[in-house]
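Enquirer: Next comes protein_12.pdb, PDB, C-alpha atoms:
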```pdb
ATOM      1  CA  MET N   1      68.834  17.447  -2.554
ATOM      2  CA  THR N   2      66.741  16.930  -5.638
ATOM      3  CA  ILE N   3      66.914  18.741  -8.944
ATOM      4  CA  ASP N   4      63.703  19.383 -10.859
ATOM      5  CA  PHE N   5      64.039  19.753 -14.623
ATOM      6  CA  ILE N   6      61.543  22.168 -16.152
ATOM      7  CA  GLY N   7      60.891  22.101 -19.881
ATOM      8  CA  ALA N   8      63.277  19.220 -20.513
ATOM      9  CA  PRO N   9      64.034  18.747 -24.209
ATOM     10  CA  ALA N  10      62.687  15.864 -26.262
ATOM     11  CA  ALA N  11      65.148  13.130 -27.099
ATOM     12  CA  GLY N  12      67.352  14.172 -30.009
ATOM     13  CA  SER N  13      66.490  17.872 -29.652
ATOM     14  CA  ALA N  14      68.769  20.384 -31.349
ATOM     15  CA  ARG N  15      68.652  22.291 -28.029
ATOM     16  CA  PRO N  16      70.029  19.826 -25.465
ATOM     17  CA  TYR N  17      69.122  21.711 -22.273
ATOM     18  CA  SER N  18      66.136  22.238 -20.001
ATOM     19  CA  ALA N  19      64.353  25.585 -19.935
ATOM     20  CA  ALA N  20      65.169  25.720 -16.214
ATOM     21  CA  THR N  21      66.205  23.666 -13.236
ATOM     22  CA  ARG N  22      65.053  24.066  -9.658
ATOM     23  CA  ALA N  23      67.289  23.070  -6.743
ATOM     24  CA  ALA N  24      68.047  24.248  -3.202
ATOM     25  CA  GLY N  25      65.247  26.818  -3.340
ATOM     26  CA  LEU N  26      66.586  28.454  -6.515
ATOM     27  CA  VAL N  27      65.458  28.455 -10.138
ATOM     28  CA  PHE N  28      68.148  28.570 -12.823
ATOM     29  CA  VAL N  29      66.723  29.701 -16.180
ATOM     30  CA  SER N  30      68.639  28.845 -19.350
ATOM     31  CA  GLY N  31      69.435  31.533 -21.885
ATOM     32  CA  ARG N  32      66.329  32.620 -23.792
ATOM     33  CA  THR N  33      65.724  34.914 -26.745
ATOM     34  CA  ALA N  34      62.541  36.367 -28.170
ATOM     35  CA  PRO N  35      60.433  33.787 -30.029
ATOM     36  CA  HIS N  36      61.171  33.468 -33.723
ATOM     37  CA  ASP N  37      59.214  31.196 -36.039
ATOM     38  CA  PRO N  38      58.688  32.976 -39.375
ATOM     39  CA  ALA N  39      56.819  29.988 -40.822
ATOM     40  CA  ASN N  40      54.117  30.649 -38.218
ATOM     41  CA  GLY N  41      54.251  34.456 -38.411
ATOM     42  CA  ILE N  42      56.298  34.885 -35.216
ATOM     43  CA  HIS N  43      59.161  37.368 -35.461
ATOM     44  CA  ARG N  44      61.555  38.556 -32.760
ATOM     45  CA  GLY N  45      60.886  42.212 -33.464
ATOM     46  CA  ALA N  46      62.315  45.053 -35.490
ATOM     47  CA  THR N  47      64.456  46.583 -32.736
ATOM     48  CA  ALA N  48      66.651  45.524 -29.849
ATOM     49  CA  ALA N  49      63.972  46.855 -27.459
ATOM     50  CA  ASP N  50      61.353  44.637 -29.149
ATOM     51  CA  GLU N  51      63.652  41.666 -28.631
ATOM     52  CA  VAL N  52      64.184  42.553 -24.966
ATOM     53  CA  ARG N  53      60.394  42.562 -24.433
ATOM     54  CA  GLY N  54      60.013  39.244 -26.235
ATOM     55  CA  ALA N  55      62.909  37.536 -24.465
ATOM     56  CA  LEU N  56      61.799  38.734 -21.030
ATOM     57  CA  ALA N  57      58.276  37.462 -21.763
ATOM     58  CA  VAL N  58      59.795  34.020 -22.381
ATOM     59  CA  ILE N  59      61.802  34.274 -19.136
ATOM     60  CA  ALA N  60      58.606  35.259 -17.279
ATOM     61  CA  GLU N  61      56.776  32.210 -18.617
ATOM     62  CA  VAL N  62      59.593  29.836 -17.625
ATOM     63  CA  LEU N  63      59.680  31.379 -14.152
ATOM     64  CA  ARG N  64      55.888  31.001 -13.800
ATOM     65  CA  GLU N  65      56.165  27.350 -14.750
ATOM     66  CA  ALA N  66      58.860  26.949 -12.081
ATOM     67  CA  GLY N  67      56.730  28.655  -9.412
ATOM     68  CA  SER N  68      58.685  31.906  -9.384
ATOM     69  CA  GLY N  69      58.508  35.341 -11.001
ATOM     70  CA  PHE N  70      60.344  38.535 -11.891
ATOM     71  CA  ASP N  71      60.034  39.822  -8.337
ATOM     72  CA  ARG N  72      62.146  36.843  -7.211
ATOM     73  CA  ILE N  73      65.055  37.226  -9.651
ATOM     74  CA  VAL N  74      68.323  37.699  -7.786
ATOM     75  CA  GLN N  75      70.715  37.663 -10.735
ATOM     76  CA  MET N  76      70.193  38.293 -14.449
ATOM     77  CA  THR N  77      72.558  37.819 -17.354
ATOM     78  CA  MET N  78      71.990  39.948 -20.449
ATOM     79  CA  LEU N  79      73.601  38.648 -23.615
ATOM     80  CA  ILE N  80      73.923  41.016 -26.557
ATOM     81  CA  THR N  81      75.407  40.575 -29.999
ATOM     82  CA  ASP N  82      76.130  44.243 -30.724
ATOM     83  CA  PRO N  83      77.371  46.680 -28.070
ATOM     84  CA  ALA N  84      75.654  49.468 -30.028
ATOM     85  CA  ASP N  85      72.333  48.021 -28.761
ATOM     86  CA  TYR N  86      73.354  48.280 -25.090
ATOM     87  CA  ASP N  87      71.573  51.562 -24.291
ATOM     88  CA  ALA N  88      68.357  50.559 -26.086
ATOM     89  CA  CYS N  89      68.360  47.197 -24.301
ATOM     90  CA  ASN N  90      68.875  48.866 -20.920
ATOM     91  CA  ALA N  91      66.113  51.414 -21.541
ATOM     92  CA  GLU N  92      63.611  48.610 -22.124
ATOM     93  CA  TYR N  93      65.041  46.235 -19.495
ATOM     94  CA  VAL N  94      64.568  48.588 -16.531
ATOM     95  CA  LYS N  95      60.833  48.885 -17.297
ATOM     96  CA  HIS N  96      60.388  45.231 -16.285
ATOM     97  CA  PHE N  97      61.740  45.690 -12.742
ATOM     98  CA  PRO N  98      59.755  48.498 -11.079
ATOM     99  CA  ALA N  99      60.338  47.066  -7.584
ATOM    100  CA  GLY N 100      64.134  47.011  -7.918
ATOM    101  CA  LEU N 101      66.826  45.786 -10.279
ATOM    102  CA  PRO N 102      68.458  42.407  -9.687
ATOM    103  CA  ALA N 103      72.221  41.968  -9.875
ATOM    104  CA  ARG N 104      73.245  41.651 -13.517
ATOM    105  CA  HIS N 105      76.141  41.125 -15.815
ATOM    106  CA  THR N 106      76.238  41.648 -19.552
ATOM    107  CA  ALA N 107      78.253  39.751 -22.114
ATOM    108  CA  ARG N 108      78.486  39.561 -25.873
ATOM    109  CA  PHE N 109      77.242  36.326 -27.316
ATOM    110  CA  GLY N 110      77.173  34.522 -30.582
ATOM    111  CA  VAL N 111      75.003  31.488 -31.174
ATOM    112  CA  PRO N 112      73.585  30.076 -34.402
ATOM    113  CA  THR N 113      70.751  32.585 -34.383
ATOM    114  CA  GLU N 114      70.163  36.152 -35.481
ATOM    115  CA  ALA N 115      68.932  37.274 -32.062
ATOM    116  CA  LYS N 116      70.194  40.634 -30.851
ATOM    117  CA  VAL N 117      69.670  39.944 -27.155
ATOM    118  CA  GLY N 118      69.052  37.066 -24.782
ATOM    119  CA  PHE N 119      68.703  36.585 -21.032
ATOM    120  CA  ALA N 120      69.352  33.950 -18.401
ATOM    121  CA  CYS N 121      68.655  34.288 -14.685
ATOM    122  CA  ILE N 122      68.676  32.847 -11.201
ATOM    123  CA  ALA N 123      65.588  33.371  -9.063
ATOM    124  CA  LEU N 124      64.240  32.285  -5.736
ATOM    125  CA  GLY N 125      61.939  29.293  -6.115
TER     126      GLY N 125
END
```
As a first step, turn the structure in this file into structure tokens.
Expert:
Amino acid sequence: MTIDFIGAPAAGSARPYSAATRAAGLVFVSGRTAPHDPANGIHRGATAADEVRGALAVIAEVLREAGSGFDRIVQMTMLITDPADYDACNAEYVKHFPAGLPARHTARFGVPTEAKVGFACIALG
């Protein structure tokens, strides 16, 4: 069995992980948040729902690069920093899965970022 590394980091990267790996017919997408690069005018968004949209757009792009898509996600992890954002995150999240919701678990997270929400997933390749 081979493992394909998608979006592997450059040597010495502060983020020592690939965007995704593909193995055994599955795509494993690393945790992603909405883009944030204020120096270039890119902001995560003003609300948790904005961040959900941005983070899921990043997940969608990684899946496309891996030859998969949202309709092939079998398990999603939602990571939130503040449980008070849970309902707003869910309200936006369900809009991205009109054909059916994948299995999911939610956990609180804390990383050296100010993101309110992030996602990771497993999809069919």
Enquirer: Which residues come within 8 Å of region 58-65 of chain N, counting all atoms listed in the file, excluding same-chain residues fewer than 6 positions away, as a list in words?
Expert: Ile6, Ala19, Ala20, Val27, Val29, Arg32, Thr33, Ala34, Pro35, Phe119 and Ala120 of chain N
Enquirer: For a test of reading the model, state the distance in Å between CA of Ala99 (chain N) and CA of Ala84 (chain N), rounded to one decimal.
Expert: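 Separating CA of Ala99 (chain N) from CA of Ala84 (chain N) is a distance of 27.3 Å.
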Enquirer: Using all atoms listed in the file, which of the listed residues (N:Cys89, N:Ala14, N:Ala103, N:Ala24) sits closest to Gly54 (chain N)?
Expert: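 Closest candidate: N:Cys89.
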Enquirer: Run the PyMOL selection byres ((chain N and resi 9) around 6) against the file shown and list the residues it catches, as JSON, numbers by chain.
Expert: {"N": [8, 10, 18]}
Enquirer: If you keep C-alpha atoms, can you produce a file of those selected residues as an mmCIF file, in the frame of the given file?
Expert:
```cif
data_model
loop_
_atom_site.group_PDB
_atom_site.id
_atom_site.type_symbol
_atom_site.label_atom_id
_atom_site.label_comp_id
_atom_site.auth_asym_id
_atom_site.auth_seq_id
_atom_site.Cartn_x
_atom_site.Cartn_y
_atom_site.Cartn_z
ATOM 1 C CA ALA N 8 63.277 19.220 -20.513
ATOM 2 C CA ALA N 10 62.687 15.864 -26.262
ATOM 3 C CA SER N 18 66.136 22.238 -20.001
#
```
Enquirer: Just give me the residues with any atom within 8 Å of (74.8, 44.4, -14.2), file coordinates, counting all atoms listed in the file, written as a ChimeraX atom specification.
Expert: /N:76-77,103-106
Enquirer: Could you dump the residues just selected with C-alpha atoms as a compact mmCIF listing (two decimals), in the frame of the given file?
Expert:
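File produced: result_4.txt:
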```txt
# COMPACT_ATOMS: atom_id res chain seq x y z
CA MET N 76 70.19 38.29 -14.45
CA THR N 77 72.56 37.82 -17.35
CA ALA N 103 72.22 41.97 -9.88
CA ARG N 104 73.24 41.65 -13.52
CA HIS N 105 76.14 41.12 -15.82
CA THR N 106 76.24 41.65 -19.55
```
Enquirer: Would you kindly return, as a count of residues only, each protein, DNA or RNA residue with an atom no farther than 12 Å from any atom of Leu101 (chain N), considering all atoms listed in the file and excluding same-chain residues fewer than 6 positions away?
Expert: 11
Enquirer: Mind checking which residues fall within 10 Å of region 38-47 of chain N, counting only C-alpha atoms, ignoring those fewer than 5 positions away in the same chain, and posting them as number ranges by chain?
Expert: N: 33, 52-55, 85, 88-89, 114-117
Enquirer: Which one of N:Gly118, N:Gly100, N:Thr113, N:Met1 sits closest to Asp37 (chain N) if you count all atoms listed in the file?
Expert: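 Residue with the minimum atom-to-atom distance to Asp37 (chain N): N:Thr113.
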Enquirer: Work out how far apart CA of Pro102 (chain N) and CA of Leu26 (chain N) are and give it in Å to one decimal.
Expert: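 These two atoms are separated by 14.4 Å.
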Enquirer: Please indicate the distance in Å from CA of Arg108 (chain N) to CA of Ala48 (chain N), rounded to one decimal place.
Expert: 13.8 Å
Enquirer: From the block I gave, I'd like region 30-69 of chain N written with C-alpha atoms, as an mmCIF file, in the first residue's frame.
Expert:
```cif
data_model
loop_
_atom_site.group_PDB
_atom_site.id
_atom_site.type_symbol
_atom_site.label_atom_id
_atom_site.label_comp_id
_atom_site.auth_asym_id
_atom_site.auth_seq_id
_atom_site.Cartn_x
_atom_site.Cartn_y
_atom_site.Cartn_z
ATOM 1 C CA SER N 30 -5.578 17.656 8.318
ATOM 2 C CA GLY N 31 -7.270 20.225 10.515
ATOM 3 C CA ARG N 32 -7.956 23.450 8.621
ATOM 4 C CA THR N 33 -9.257 26.864 9.624
ATOM 5 C CA ALA N 34 -10.447 29.791 7.554
ATOM 6 C CA PRO N 35 -7.596 31.637 5.816
ATOM 7 C CA HIS N 36 -6.084 34.485 7.791
ATOM 8 C CA ASP N 37 -3.369 36.746 6.422
ATOM 9 C CA PRO N 38 -4.058 40.332 7.535
ATOM 10 C CA ALA N 39 -0.930 41.615 5.781
ATOM 11 C CA ASN N 40 -2.584 40.619 2.496
ATOM 12 C CA GLY N 41 -6.118 41.693 3.448
ATOM 13 C CA ILE N 42 -7.354 38.161 4.206
ATOM 14 C CA HIS N 43 -9.398 37.820 7.389
ATOM 15 C CA ARG N 44 -11.170 34.768 8.796
ATOM 16 C CA GLY N 45 -14.467 36.583 9.179
ATOM 17 C CA ALA N 46 -16.411 38.483 11.792
ATOM 18 C CA THR N 47 -18.544 35.576 13.018
ATOM 19 C CA ALA N 48 -18.262 31.876 13.730
ATOM 20 C CA ALA N 49 -20.483 31.227 10.678
ATOM 21 C CA ASP N 50 -18.068 33.227 8.486
ATOM 22 C CA GLU N 51 -15.231 31.074 9.789
ATOM 23 C CA VAL N 52 -17.169 27.871 9.090
ATOM 24 C CA ARG N 53 -17.649 28.973 5.455
ATOM 25 C CA GLY N 54 -13.978 29.869 5.117
ATOM 26 C CA ALA N 55 -12.678 26.693 6.747
ATOM 27 C CA LEU N 56 -14.971 24.448 4.706
ATOM 28 C CA ALA N 57 -13.823 26.222 1.529
ATOM 29 C CA VAL N 58 -10.248 25.267 2.450
ATOM 30 C CA ILE N 59 -11.338 21.663 3.118
ATOM 31 C CA ALA N 60 -13.107 21.606 -0.273
ATOM 32 C CA GLU N 61 -9.950 22.763 -2.044
ATOM 33 C CA VAL N 62 -7.784 20.132 -0.329
ATOM 34 C CA LEU N 63 -10.320 17.447 -1.230
ATOM 35 C CA ARG N 64 -10.378 18.609 -4.875
ATOM 36 C CA GLU N 65 -6.602 18.404 -5.000
ATOM 37 C CA ALA N 66 -6.836 14.855 -3.624
ATOM 38 C CA GLY N 67 -9.454 13.829 -6.206
ATOM 39 C CA SER N 68 -12.383 13.818 -3.795
ATOM 40 C CA GLY N 69 -15.147 16.174 -2.672
#
```
